[in-house]
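*Asks:* I have a structure here, written as structure tokens, and I will follow up with some questions on it.
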Number of protein chains: 2
Amino acid sequence: MTRWLDEEEQQTWRAFLGAHRLVFDQLDRELQRDSGIPHAYYEILVRLSEAPDRALRMSALADRSQSSRSRLSHAVARLEDNGWVERRSCADDKRGQVAHLTDAGFAALAAAAPGHVEGVRAHVFDPLTPDQVRQLREISTALVKGVLAGPDAPDCD
Amino acid sequence: MTRWLDEEEQQTWRAFLGAHRLVFDQLDRELQRDSGIPHAYYEILVRLSEAPDRALRMSALADRSQSSRSRLSHAVARLEDNGWVERRSCADDKRGQVAHLTDAGFAALAAAAPGHVEGVRAHVFDPLTPDQVRQLREISTALVKGVLAGPDAPDCD
DNA sequence: CTGTGGACGTTGAGCCCTCAACTTTCTTGC
DNA sequence: GCAAGAAAGTTGAGGGCTCAACGTCCACAG
């Protein structure tokens with residue numbers, strides 16, 4: 001019944017797993033050490049910094065950072081403790097909360113970004129050829145579509 | 001100073017991040033739900049099942065699963081609680097501990113494997129063309145080498 | 001034989017994430 | 001208007017991971 005992996009697929013899968021773990025752990029560790037920001041929180045700060053007025057509804061922020069609402073809620077609570085984000089309630093929807101990036105938060109992001117970008121270059125782009133970078137983008141896009149369309153999602157909106 | 005990412009690199013990086021998060025989280029969730037095994041533990045069971053006598057020194061197991069010693073120690077403790085692994089001390093090196101996969105552990109792995117392999121197929125291989133699978137293997141291998149050779153590792157032994 | 005440095009493995013604190021409730025508010029149908 | 005259901009966020013328990021510190025043991029130099 002089961003369509004087992006052949007030798008080549010096995011190798012591919014293990015290499016993929018290994019690359020994921022090594023690259024991501026390395027970047028996370030560097031970011032944590034150099035700036036005291038876990039990578040998940042860094043991404044939230046980035047998304048906020050790109051939004052108009054540096055502010056976003058919690059649910060919009062969750063979508064943009066591929067994060068669950070629960071994780072985002074915990075994360076923003078901690079970012080708020082650090083003074084990097086402020087939560088305000090939303091005028092037109094009383095259920096809504098809007099996360100605002102503070103100046104301190106923007107400064108923390110600006111301080112962390114150069115080192116992190118260098119890390120991404122060093123561990124992701126530098127080891128690859130330009131062709132491979134293009135291939136990686138296409139593969140990643142295909143995988144994202146695969147998961148979103150795969151298990152139970154009816155179709156994209 | 002900083003070599004920022006251009007538009008294309010930015011897209012590549014975000015697609016890569018998103019793909020990893022979605023694929024890995026999805027597989028982890030399926031494995032947890034269908035078999036009650038987190039993916040990190042599944043991998044340990046796999047490595048043990050492949051070893052001669054289904055047993056490995058802790059440090060060898062850590063290397064093979066790209067795991068820190070600390071993580072492995074915690075993980076094996078929990079696997080032992082579940083009755084899936086047994087730790088015995090090693091005759092020739094009194095510091096050493098050898099993790100043995102029990103019959104119950106092998107059975108748990110055998111029960112979980114088909115569903116997990118189907119998940120890997122569905123979320124990784126099916127969305128890709130054969131060419132992309134090959135490319136993914138080469139890219140992953142290059143990334144692994146990049147991290148291992150990159151930051152501070154003097155050279156491989 | 002003995003001391004020192006390194007390797008093996010474990011432990012505990014702290015942090016982040018997930019899952020499953022739960023509260024509040026909006027929306028829809030009657 | 002009002003009740004039922006869906007949506008937005010939050011919370012707390014439970015579990016896994018990291019980091020740093022530790023105890024134990026090997027290996028090698030004197």
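Following the order of the structure tokens, first chain is A, next is B, and so on, with residues numbered from 1 inside each chain and ligands from 1 in the order they appear.
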Give as an NGL selection string every residue of chain D that touches chain B within 8 Å, counting only C-alpha atoms (C1' of nucleotides).

*Replies:* :D and (17 or 24-26)

*Asks:* Any chance you can output those residues with C-alpha atoms (C1' of nucleotides) as a tab-separated table (two decimals), in the first residue's frame?

*Replies:*
```tsv
chain	number	residue	atom	x	y	z
D	17	DC	C1'	14.61	23.16	22.99
D	24	DT	C1'	32.19	11.38	35.78
D	25	DC	C1'	35.62	9.23	33.26
D	26	DC	C1'	39.46	8.69	29.66
```

*Asks:* Using only C-alpha atoms, I'd like every residue of chain B that has an atom within 6 Å of chain A; please write them out as a PDB file with C-alpha atoms, in the first residue's frame.

*Replies:*
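File part-v4.pdb, as written:
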```
ATOM      1  CA  THR B   2      25.664  45.834   4.544  1.00  0.00           C
ATOM      2  CA  THR B  12      13.468  33.747  -2.381  1.00  0.00           C
ATOM      3  CA  ALA B  15       9.436  31.723   0.153  1.00  0.00           C
ATOM      4  CA  PHE B  16      12.087  29.492   1.662  1.00  0.00           C
ATOM      5  CA  ALA B  19       7.912  26.665   2.816  1.00  0.00           C
ATOM      6  CA  PRO B 114       3.484   4.624   6.548  1.00  0.00           C
ATOM      7  CA  HIS B 123       3.750  17.771   1.013  1.00  0.00           C
ATOM      8  CA  PRO B 127       4.215  19.223  -5.581  1.00  0.00           C
ATOM      9  CA  ARG B 137      18.806  17.581  -3.178  1.00  0.00           C
ATOM     10  CA  SER B 140      20.153  21.114   0.415  1.00  0.00           C
ATOM     11  CA  THR B 141      23.515  19.424   0.237  1.00  0.00           C
ATOM     12  CA  LEU B 143      23.465  24.459   2.285  1.00  0.00           C
ATOM     13  CA  VAL B 144      24.521  21.802   4.745  1.00  0.00           C
ATOM     14  CA  GLY B 146      27.835  25.877   3.765  1.00  0.00           C
ATOM     15  CA  VAL B 147      26.760  25.935   7.383  1.00  0.00           C
TER      16      VAL B 147
END
```

*Asks:* Which residues of region 36-92 of chain B have any atom within 10 Å of an atom in region 97-109 of chain B when counting only C-alpha atoms, and what is the closest pair of atoms for each, with the distance in Å to one decimal? Order the rows by chain and rising number and write it as CSV.

*Replies:*
```
residue,atom,partner,partner_atom,distance
B:Gly36,CA,B:Ala108,CA,9.6
B:Ile37,CA,B:Ala108,CA,8.9
B:Tyr41,CA,B:Leu109,CA,10.0
B:Tyr42,CA,B:Leu109,CA,7.2
B:Glu43,CA,B:Leu109,CA,9.6
B:Ile44,CA,B:Leu101,CA,9.6
B:Leu45,CA,B:Leu109,CA,6.7
B:Val46,CA,B:Leu109,CA,7.4
B:Arg47,CA,B:Leu101,CA,9.7
B:Leu48,CA,B:Leu101,CA,6.2
B:Ser49,CA,B:Leu101,CA,6.8
B:Ala51,CA,B:Leu101,CA,9.6
B:Asp53,CA,B:His100,CA,7.9
B:Arg54,CA,B:Leu101,CA,5.5
B:Ala55,CA,B:His100,CA,4.3
B:Leu56,CA,B:Val98,CA,5.4
B:Arg57,CA,B:Val98,CA,4.3
B:Met58,CA,B:Val98,CA,5.9
B:Ser59,CA,B:Gln97,CA,8.7
B:Ala60,CA,B:Val98,CA,9.5
B:Leu61,CA,B:Ala99,CA,8.4
B:Val76,CA,B:Ala99,CA,7.8
B:Leu79,CA,B:Gly105,CA,8.4
B:Glu80,CA,B:Ala99,CA,9.3
B:Asn82,CA,B:Gly105,CA,8.4
B:Gly83,CA,B:Ala104,CA,6.7
B:Trp84,CA,B:Gly105,CA,3.7
B:Val85,CA,B:Leu101,CA,4.6
B:Glu86,CA,B:His100,CA,5.0
B:Arg87,CA,B:Ala99,CA,4.6
B:Arg88,CA,B:Val98,CA,5.3
B:Ser89,CA,B:Gln97,CA,4.5
B:Cys90,CA,B:Gln97,CA,5.5
B:Ala91,CA,B:Gln97,CA,9.2
```

*Asks:* Go ahead and save the residues from that selection, with N, CA and C atoms, as a compact mmCIF listing (two decimals), in the first residue's frame.

*Replies:*
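Below you can see result_16.txt, which holds the result:
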```txt
# COMPACT_ATOMS: atom_id res chain seq x y z
N GLY B 36 1.24 10.29 17.99
CA GLY B 36 1.70 10.79 19.28
C GLY B 36 3.21 10.90 19.40
N ILE B 37 3.89 11.01 18.26
CA ILE B 37 5.35 11.11 18.28
C ILE B 37 5.77 12.43 17.66
N TYR B 41 11.56 13.04 17.74
CA TYR B 41 11.69 11.72 18.34
C TYR B 41 11.58 10.64 17.27
N TYR B 42 10.73 10.87 16.31
CA TYR B 42 10.61 9.94 15.20
C TYR B 42 11.97 9.73 14.54
N GLU B 43 12.68 10.82 14.35
CA GLU B 43 13.96 10.71 13.68
C GLU B 43 14.95 9.89 14.51
N ILE B 44 14.91 10.05 15.80
CA ILE B 44 15.78 9.26 16.66
C ILE B 44 15.45 7.78 16.52
N LEU B 45 14.18 7.47 16.54
CA LEU B 45 13.78 6.07 16.39
C LEU B 45 14.25 5.51 15.05
N VAL B 46 14.15 6.32 14.00
CA VAL B 46 14.59 5.86 12.69
C VAL B 46 16.08 5.54 12.70
N ARG B 47 16.86 6.46 13.25
CA ARG B 47 18.31 6.24 13.25
C ARG B 47 18.67 4.98 14.03
N LEU B 48 18.00 4.80 15.16
CA LEU B 48 18.28 3.61 15.95
C LEU B 48 17.88 2.35 15.18
N SER B 49 16.76 2.41 14.49
CA SER B 49 16.28 1.21 13.80
C SER B 49 17.23 0.80 12.69
N ALA B 51 20.55 1.15 12.84
CA ALA B 51 21.88 0.82 13.35
C ALA B 51 21.99 -0.68 13.60
N ASP B 53 22.17 -3.93 15.52
CA ASP B 53 21.57 -4.28 16.81
C ASP B 53 20.59 -3.22 17.30
N ARG B 54 20.20 -2.32 16.40
CA ARG B 54 19.28 -1.26 16.81
C ARG B 54 19.76 -0.54 18.06
N ALA B 55 21.06 -0.23 18.07
CA ALA B 55 21.64 0.42 19.24
C ALA B 55 22.76 1.36 18.80
N LEU B 56 22.90 2.47 19.50
CA LEU B 56 23.95 3.43 19.18
C LEU B 56 24.39 4.16 20.45
N ARG B 57 25.67 4.52 20.46
CA ARG B 57 26.17 5.41 21.50
C ARG B 57 25.43 6.73 21.42
N MET B 58 25.24 7.39 22.53
CA MET B 58 24.52 8.66 22.55
C MET B 58 25.16 9.67 21.59
N SER B 59 26.47 9.77 21.64
CA SER B 59 27.11 10.80 20.82
C SER B 59 26.98 10.48 19.34
N ALA B 60 27.07 9.20 18.98
CA ALA B 60 26.90 8.84 17.58
C ALA B 60 25.47 9.14 17.13
N LEU B 61 24.53 8.86 18.01
CA LEU B 61 23.13 9.13 17.70
C LEU B 61 22.90 10.64 17.55
N VAL B 76 15.86 11.17 24.75
CA VAL B 76 15.96 9.75 25.07
C VAL B 76 15.34 9.47 26.43
N LEU B 79 11.77 9.11 25.64
CA LEU B 79 11.52 7.87 24.90
C LEU B 79 11.63 6.67 25.83
N GLU B 80 12.51 6.79 26.81
CA GLU B 80 12.64 5.71 27.78
C GLU B 80 11.38 5.61 28.64
N ASN B 82 8.51 6.21 27.70
CA ASN B 82 7.50 5.57 26.86
C ASN B 82 7.78 4.09 26.63
N GLY B 83 8.94 3.65 27.06
CA GLY B 83 9.28 2.24 26.86
C GLY B 83 9.77 1.94 25.46
N TRP B 84 10.16 2.96 24.71
CA TRP B 84 10.58 2.76 23.33
C TRP B 84 12.09 2.61 23.19
N VAL B 85 12.80 3.05 24.19
CA VAL B 85 14.26 3.02 24.15
C VAL B 85 14.75 2.61 25.53
N GLU B 86 15.90 1.94 25.56
CA GLU B 86 16.50 1.57 26.83
C GLU B 86 17.94 2.06 26.84
N ARG B 87 18.37 2.61 27.94
CA ARG B 87 19.78 3.03 28.03
C ARG B 87 20.56 2.00 28.84
N ARG B 88 21.71 1.60 28.30
CA ARG B 88 22.59 0.73 29.07
C ARG B 88 23.98 1.33 29.03
N SER B 89 24.73 1.11 30.07
CA SER B 89 26.09 1.64 30.03
C SER B 89 26.95 0.74 29.17
N CYS B 90 28.04 1.31 28.76
CA CYS B 90 28.85 0.71 27.72
C CYS B 90 30.08 0.10 28.37
N ALA B 91 30.44 -1.10 27.96
CA ALA B 91 31.47 -1.86 28.67
C ALA B 91 32.84 -1.21 28.57
```

*Asks:* Give as a PyMOL selection string every residue of chain C that touches chain A within 12 Å, counting only C-alpha atoms (C1' of nucleotides).

*Replies:* chain C and resi 15-20+23-26

*Asks:* How far is it from C1' of DT18 (chain D) to C1' of DA21 (chain C), in Å with one decimal?

*Replies:* 29.5 Å

*Asks:* Where in chain A does DSSP assign strand (DSSP E or B), given as a compact mmCIF listing (two decimals) with C-alpha atoms, in the first residue's frame?

*Replies:*
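Output (part-v3.txt):
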```txt
# COMPACT_ATOMS: atom_id res chain seq x y z
CA ALA A 55 0.67 48.94 12.56
CA LEU A 56 -1.43 45.86 11.79
CA ARG A 57 -4.43 44.02 13.13
CA VAL A 85 5.25 46.95 20.32
CA GLU A 86 2.09 48.53 21.67
CA ARG A 87 -1.39 47.09 21.50
CA ARG A 88 -4.36 49.39 21.07
CA SER A 89 -7.95 48.46 20.53
CA GLN A 97 -6.47 44.69 18.58
CA VAL A 98 -3.92 46.61 16.56
CA ALA A 99 -0.23 46.08 17.12
CA HIS A 100 1.89 49.21 16.69
CA LEU A 101 5.66 49.12 16.28
```

*Asks:* If we count only C-alpha atoms (C1' of nucleotides), what is near DG3 (chain C) at a cut-off of 12 Å, once residues fewer than 3 positions away on the same chain are taken out, given as a ChimeraX atom specification?

*Replies:* /D:27-30

*Asks:* Based on the backbone DSSP call, show me all residues of chain A assigned helix (DSSP H, G or I), as a PyMOL selection string.

*Replies:* chain A and resi 7-35+39-50+52-54+58-64+69-81+103-125+130-149

*Asks:* Please produce a file of the residues just selected, as a tab-separated table (two decimals), in the first residue's frame, where the atoms kept are C-alpha atoms.

*Replies:*
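Output (selection.tsv):
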```tsv
chain	number	residue	atom	x	y	z
A	7	GLU	CA	16.98	5.65	-2.39
A	8	GLU	CA	17.17	9.00	-4.14
A	9	GLU	CA	14.09	10.40	-2.47
A	10	GLN	CA	15.39	9.24	0.88
A	11	GLN	CA	18.61	11.15	0.33
A	12	THR	CA	16.74	14.21	-0.82
A	13	TRP	CA	14.44	14.20	2.16
A	14	ARG	CA	17.26	13.79	4.66
A	15	ALA	CA	19.33	16.49	3.04
A	16	PHE	CA	16.34	18.78	3.09
A	17	LEU	CA	15.69	18.08	6.75
A	18	GLY	CA	19.33	18.56	7.63
A	19	ALA	CA	19.61	21.80	5.72
A	20	HIS	CA	16.49	23.12	7.34
A	21	ARG	CA	17.64	22.31	10.82
A	22	LEU	CA	21.19	23.54	10.39
A	23	VAL	CA	20.45	26.77	8.55
A	24	PHE	CA	17.53	27.80	10.65
A	25	ASP	CA	19.12	26.91	13.98
A	26	GLN	CA	22.29	28.73	13.02
A	27	LEU	CA	20.48	31.91	12.03
A	28	ASP	CA	18.30	31.78	15.10
A	29	ARG	CA	21.29	31.33	17.35
A	30	GLU	CA	23.17	34.23	15.74
A	31	LEU	CA	20.19	36.50	16.00
A	32	GLN	CA	19.59	35.56	19.60
A	33	ARG	CA	23.22	36.04	20.53
A	34	ASP	CA	23.82	39.30	18.67
A	35	SER	CA	20.50	41.01	19.31
A	39	HIS	CA	13.82	34.73	14.88
A	40	ALA	CA	10.05	34.43	15.19
A	41	TYR	CA	9.94	37.80	16.90
A	42	TYR	CA	12.26	39.36	14.38
A	43	GLU	CA	9.87	38.40	11.64
A	44	ILE	CA	6.97	40.05	13.45
A	45	LEU	CA	8.94	43.26	13.79
A	46	VAL	CA	9.77	43.16	10.08
A	47	ARG	CA	6.17	42.73	9.05
A	48	LEU	CA	5.08	45.58	11.27
A	49	SER	CA	7.83	47.85	9.98
A	50	GLU	CA	6.59	47.32	6.44
A	52	PRO	CA	1.36	51.49	6.75
A	53	ASP	CA	1.82	53.43	10.00
A	54	ARG	CA	3.86	50.46	11.22
A	58	MET	CA	-3.42	40.92	15.04
A	59	SER	CA	-5.05	38.58	12.57
A	60	ALA	CA	-3.48	40.27	9.57
A	61	LEU	CA	-0.13	40.09	11.29
A	62	ALA	CA	-0.67	36.40	12.02
A	63	ASP	CA	-1.41	35.70	8.37
A	64	ARG	CA	1.57	37.63	7.12
A	69	ARG	CA	-3.08	33.39	16.55
A	70	SER	CA	-2.02	31.86	19.80
A	71	ARG	CA	1.65	32.11	19.03
A	72	LEU	CA	1.24	35.67	17.90
A	73	SER	CA	-0.61	36.59	21.03
A	74	HIS	CA	2.13	35.22	23.25
A	75	ALA	CA	4.80	36.80	21.10
A	76	VAL	CA	3.25	40.24	21.03
A	77	ALA	CA	2.78	40.09	24.78
A	78	ARG	CA	6.50	39.55	25.15
A	79	LEU	CA	7.38	42.22	22.58
A	80	GLU	CA	5.17	44.58	24.51
A	81	ASP	CA	7.07	43.78	27.70
A	103	ASP	CA	10.27	53.74	17.95
A	104	ALA	CA	12.25	51.55	20.29
A	105	GLY	CA	11.05	48.52	18.37
A	106	PHE	CA	12.06	50.06	15.08
A	107	ALA	CA	15.46	50.89	16.50
A	108	ALA	CA	15.94	47.34	17.77
A	109	LEU	CA	15.05	46.03	14.34
A	110	ALA	CA	17.40	48.45	12.62
A	111	ALA	CA	20.19	47.35	14.92
A	112	ALA	CA	19.59	43.65	14.34
A	113	ALA	CA	18.95	43.72	10.60
A	114	PRO	CA	22.45	44.12	9.15
A	115	GLY	CA	23.89	41.22	11.09
A	116	HIS	CA	20.96	39.02	10.27
A	117	VAL	CA	21.08	39.83	6.58
A	118	GLU	CA	24.76	38.98	6.56
A	119	GLY	CA	23.90	35.68	8.20
A	120	VAL	CA	21.29	34.91	5.56
A	121	ARG	CA	23.81	35.72	2.86
A	122	ALA	CA	26.49	33.62	4.42
A	123	HIS	CA	24.36	30.57	5.12
A	124	VAL	CA	21.90	30.63	2.24
A	125	PHE	CA	22.90	32.65	-0.80
A	130	PRO	CA	22.53	32.00	-9.12
A	131	ASP	CA	20.73	29.16	-10.90
A	132	GLN	CA	20.20	27.37	-7.65
A	133	VAL	CA	18.81	30.49	-6.03
A	134	ARG	CA	16.23	30.73	-8.78
A	135	GLN	CA	15.43	27.04	-8.43
A	136	LEU	CA	15.10	27.40	-4.69
A	137	ARG	CA	12.54	30.14	-5.13
A	138	GLU	CA	10.48	28.06	-7.51
A	139	ILE	CA	10.68	24.98	-5.33
A	140	SER	CA	9.73	26.89	-2.20
A	141	THR	CA	6.80	28.50	-3.94
A	142	ALA	CA	5.60	25.12	-5.16
A	143	LEU	CA	5.88	23.65	-1.65
A	144	VAL	CA	3.92	26.48	-0.11
A	145	LYS	CA	1.17	26.02	-2.65
A	146	GLY	CA	1.27	22.28	-2.07
A	147	VAL	CA	0.70	22.54	1.66
A	148	LEU	CA	-1.94	25.22	1.42
A	149	ALA	CA	-3.86	23.34	-1.24
```
